[in-house]
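For reference, data00.csv is printed below; it contains CSV, C-alpha atoms.
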```
chain,number,residue,atom,x,y,z
A,1,MET,CA,93.0,86.7,105.8
A,2,VAL,CA,96.0,86.3,103.5
A,3,THR,CA,95.3,86.6,99.8
A,4,LYS,CA,96.4,83.5,97.8
A,5,ARG,CA,99.2,84.5,95.4
A,6,LEU,CA,98.4,83.6,91.8
A,7,VAL,CA,101.9,83.9,90.2
A,8,ARG,CA,102.0,80.3,89.1
A,9,GLU,CA,98.6,80.4,87.4
A,10,GLU,CA,98.2,81.1,83.7
A,11,GLY,CA,97.8,84.7,82.8
A,12,HIS,CA,99.6,85.9,86.0
A,13,ARG,CA,103.2,87.3,86.4
A,14,ARG,CA,105.2,87.6,89.5
A,15,LYS,CA,105.5,91.2,90.7
A,16,PHE,CA,108.0,92.8,93.1
A,17,LEU,CA,106.9,95.7,95.2
A,18,ALA,CA,109.1,98.6,96.1
A,19,VAL,CA,108.1,101.5,98.3
A,20,VAL,CA,108.9,105.0,97.1
A,21,ASP,CA,109.5,107.7,99.6
A,22,SER,CA,111.9,110.6,100.4
A,23,THR,CA,114.6,108.5,102.1
A,24,PRO,CA,118.0,108.1,100.5
A,25,GLU,CA,117.8,104.3,100.7
A,26,CYS,CA,114.8,104.3,98.5
A,27,THR,CA,117.0,104.5,95.4
A,28,LYS,CA,118.9,101.3,96.5
A,29,ALA,CA,115.6,99.4,96.8
A,30,ILE,CA,114.5,100.5,93.4
A,31,HIS,CA,117.9,99.7,91.9
A,32,TYR,CA,117.8,96.1,93.3
A,33,ALA,CA,114.2,95.5,92.4
A,34,ALA,CA,114.5,96.8,88.9
A,35,ARG,CA,117.6,94.7,88.2
A,36,ARG,CA,116.0,91.6,89.8
A,37,VAL,CA,112.7,91.8,87.9
A,38,ALA,CA,114.6,92.3,84.7
A,39,ALA,CA,116.7,89.3,85.4
A,40,ILE,CA,113.8,87.0,86.1
A,41,ASP,CA,111.3,88.5,83.6
A,42,ALA,CA,108.9,89.7,86.3
A,43,ASP,CA,107.1,93.0,86.9
A,44,LEU,CA,107.7,95.9,89.3
A,45,VAL,CA,105.1,97.8,91.3
A,46,LEU,CA,106.2,101.1,92.9
A,47,VAL,CA,104.0,102.3,95.7
A,48,TYR,CA,103.9,105.7,97.3
A,49,VAL,CA,101.9,106.1,100.5
A,50,ILE,CA,100.4,109.5,101.4
A,51,GLU,CA,100.3,109.7,105.2
A,52,PRO,CA,96.9,111.1,106.4
A,53,ALA,CA,96.9,114.8,107.4
A,54,ASP,CA,95.2,115.8,110.6
A,55,PHE,CA,93.1,118.7,109.2
A,56,GLN,CA,89.6,117.2,108.8
A,57,HIS,CA,87.9,120.2,110.4
A,58,TRP,CA,89.5,122.5,107.9
A,59,LEU,CA,88.1,121.1,104.6
A,60,GLY,CA,89.7,123.8,102.4
A,61,VAL,CA,93.1,123.3,103.9
A,62,GLU,CA,92.7,119.5,103.7
A,63,GLY,CA,91.9,119.7,100.0
A,64,VAL,CA,95.0,121.8,99.3
A,65,MET,CA,97.2,119.5,101.4
A,66,ARG,CA,95.8,116.4,99.6
A,67,ALA,CA,96.4,118.0,96.2
A,68,GLU,CA,100.0,118.9,97.2
A,69,ALA,CA,100.6,115.5,98.6
A,70,THR,CA,99.3,113.9,95.4
A,71,ALA,CA,101.5,116.1,93.2
A,72,GLU,CA,104.5,115.2,95.4
A,73,ALA,CA,103.6,111.5,95.1
A,74,GLU,CA,103.3,111.7,91.3
A,75,ALA,CA,106.6,113.5,91.0
A,76,ALA,CA,108.4,110.9,93.2
A,77,LEU,CA,106.9,108.0,91.3
A,78,ALA,CA,107.9,109.6,88.0
A,79,LYS,CA,111.5,109.9,89.2
A,80,ALA,CA,111.4,106.4,90.6
A,81,SER,CA,110.0,105.0,87.3
A,82,GLN,CA,112.8,106.7,85.4
A,83,LEU,CA,115.3,105.0,87.8
A,84,ALA,CA,113.6,101.6,87.1
A,85,VAL,CA,114.1,102.2,83.4
A,86,GLU,CA,117.7,103.2,83.9
A,87,PHE,CA,118.6,100.4,86.3
A,88,GLY,CA,116.6,97.5,84.7
A,89,GLY,CA,115.1,98.7,81.4
A,90,ILE,CA,111.6,98.1,82.8
A,91,THR,CA,108.6,100.2,83.0
A,92,PRO,CA,107.0,99.8,86.4
A,93,GLU,CA,103.3,99.9,87.5
A,94,THR,CA,102.7,102.8,89.9
A,95,VAL,CA,100.3,103.0,92.8
A,96,ILE,CA,99.4,106.0,95.1
A,97,THR,CA,97.6,105.1,98.3
A,98,GLU,CA,96.7,106.9,101.5
A,99,GLY,CA,97.0,105.8,105.1
A,100,LYS,CA,99.5,104.7,107.7
A,101,ALA,CA,102.5,103.2,105.8
A,102,VAL,CA,102.5,99.6,107.0
A,103,SER,CA,98.7,99.1,106.8
A,104,ALA,CA,98.5,100.9,103.4
A,105,ILE,CA,101.3,98.8,101.9
A,106,GLU,CA,99.7,95.6,103.3
A,107,ALA,CA,96.4,96.6,101.6
A,108,VAL,CA,98.2,97.0,98.3
A,109,ILE,CA,99.7,93.6,98.7
A,110,GLU,CA,96.4,92.0,99.6
A,111,GLN,CA,94.6,93.7,96.6
A,112,ASP,CA,97.1,92.4,94.0
A,113,PRO,CA,97.6,88.6,94.2
A,114,ASP,CA,100.5,88.8,91.8
A,115,ILE,CA,102.7,90.7,94.2
A,116,ALA,CA,105.1,88.0,95.5
A,117,LEU,CA,107.9,89.9,97.2
A,118,MET,CA,108.6,93.3,98.6
A,119,VAL,CA,112.0,95.0,98.4
A,120,LEU,CA,113.1,97.5,101.0
A,121,ALA,CA,116.5,99.1,101.7
A,122,ALA,CA,117.8,99.7,105.2
A,123,GLY,CA,118.8,103.2,106.2
A,124,GLU,CA,122.3,103.9,107.5
A,125,GLY,CA,121.7,106.8,109.8
A,126,ASN,CA,121.5,107.0,113.5
A,127,GLU,CA,117.7,106.6,113.4
A,128,GLY,CA,118.1,102.9,112.6
A,129,PRO,CA,117.2,100.9,109.5
A,130,GLY,CA,113.9,102.8,108.8
A,131,PRO,CA,110.3,102.5,109.9
A,132,LEU,CA,109.3,99.8,107.4
A,133,VAL,CA,112.3,97.7,108.0
A,134,SER,CA,111.9,98.0,111.7
A,135,SER,CA,108.2,97.0,111.4
A,136,ILE,CA,109.3,93.6,109.9
A,137,ALA,CA,111.2,92.7,113.1
A,138,GLY,CA,108.7,94.4,115.5
A,139,SER,CA,105.1,93.7,116.3
A,140,SER,CA,103.8,96.9,114.6
A,141,GLY,CA,103.3,95.2,111.3
A,142,VAL,CA,103.8,91.9,109.5
A,143,PHE,CA,103.7,91.6,105.8
A,144,SER,CA,102.1,88.6,104.1
A,145,ILE,CA,104.9,88.1,101.6
A,146,PRO,CA,108.6,87.7,101.8
A,147,VAL,CA,110.6,90.9,102.2
A,148,THR,CA,114.1,91.4,100.8
A,149,VAL,CA,116.1,94.1,102.7
A,150,VAL,CA,119.0,95.7,100.8
A,151,PRO,CA,121.8,96.6,103.2
A,152,ALA,CA,122.7,100.3,103.3
A,153,THR,CA,126.3,99.5,102.8
A,154,LEU,CA,125.9,98.1,99.3
A,155,THR,CA,127.1,100.2,96.4
A,156,ASP,CA,125.5,100.3,93.0
A,157,GLU,CA,128.2,97.9,91.7
A,158,ASP,CA,127.5,95.5,94.6
A,159,ILE,CA,123.8,95.5,93.7
A,160,ASP,CA,124.6,94.8,90.1
A,161,ASP,CA,126.8,91.9,91.1
A,162,LEU,CA,124.0,90.3,93.1
A,163,VAL,CA,121.5,90.1,90.4
```
Encoded form (structure tokens):
Amino acid sequence: MVTKRLVREEGHRRKFLAVVDSTPECTKAIHYAARRVAAIDADLVLVYVIEPADFQHWLGVEGVMRAEATAEAEAALAKASQLAVEFGGITPETVITEGKAVSAIEAVIEQDPDIALMVLAAGEGNEGPGPLVSSIAGSSGVFSIPVTVVPATLTDEDIDDLV
């Protein structure tokens, strides 16, 4: 079931979602999203997905790994939030979630009816455009909102010119 988007109803504002991770292209997605939401007076949600660890039978180890992953997520979101302020003068909402990336992101989208668009950036390495961008075209995941993919070849100046 797809959640009805509420961005046109009173008391709701359109939100863009950008995924924060350790890839180099993440900065381009944040740059584009921050500039775009600032230009249209919308809000930005930054999400970090903690992938599940496979140490359930070692509870002590799992607890330490979860704490380390949470600290890493918080640091990445703090850095990404600073970039959003720098690029667009906006303070984003941040979300940390756990699970497989595609399903965890889809859950965030379904839980917030104001999220109307997701921004991803394509990678430029030999590995392809990246797992999330690949999931859009493949059968492994389908998002319930439009997705803007920022090409890897765009410079910061190119991004600024687009918005």
### Message
So that I can check the surroundings of A:Thr94, please list as a PyMOL selection string every protein, DNA and RNA residue that reaches within 12 Å of it, counting only C-alpha atoms and ignoring chain neighbours fewer than 2 positions away.
### Response
chain A and resi 15-20+43-49+73-82+84+91-92+96-97+108
### Message
One decimal, in Å: what's the spacing between atom CA of A:Ala29 and atom CA of A:His12?
### Response
23.6 Å
### 10 Å contact set for A:Gly99, only C-alpha atoms, chain neighbours under 5 positions out, as number ranges by chain
A: 49-53, 104-105, 107
### Message
With distances taken over only C-alpha atoms, which residue among A:Val85, A:Arg14, A:Ile30, A:Thr3 lies nearest A:Ile115?
### Response
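The answer is A:Arg14, which sits nearest to A:Ile115.
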### Task
Could you tell me how far atom CA of A:Lys4 lies from atom CA of A:Glu106, in Å and to one decimal?
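Between atom CA of A:Lys4 and atom CA of A:Glu106 the gap is 13.7 Å.
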#### Entry: Spatial neighbours of A:Asp156, 10 Å, all atoms listed in the file, chain gap at least 3 places, as a VMD selection string
chain A and resid 27 to 28 31 to 32 87 153 159 to 161
### Message
Counting all atoms listed in the file, which residue out of A:Glu98, A:Glu10, A:Glu25, A:Glu72 sits closest to A:Ala122?
### Response
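Selected residue with least distance to A:Ala122: A:Glu25.
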#### Entry: Separation of atom CA of A:Ala38 from atom CA of A:Val119, in Å and rounded to one decimal
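Computing it gives 14.2 Å between the two atoms.
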### A:Ile90, A:Ala33, A:Ala42, A:Val7 ranked by distance to A:Val147, top pick (using only C-alpha atoms)
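Looking only at the distances to A:Val147, the closest residue turns out to be A:Ala33.
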### Option closest in space to A:Ala34, from A:Leu83, A:Ala101, A:Leu6, A:Met65 [counting all atoms listed in the file]
A:Leu83
#### Entry: Of the listed residues A:Val95, A:Val150, A:Ile109, A:Ala121, that which approaches A:Thr70 most closely, counting only C-alpha atoms
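Of A:Val95, A:Val150, A:Ile109, A:Ala121, the one nearest A:Thr70 is A:Val95, counting only C-alpha atoms.
Using all atoms listed in the file, the smallest distance between any of A:Gly123, A:Gly88, A:Asp114, A:Ala152 and A:Ala39 comes from A:Gly88.
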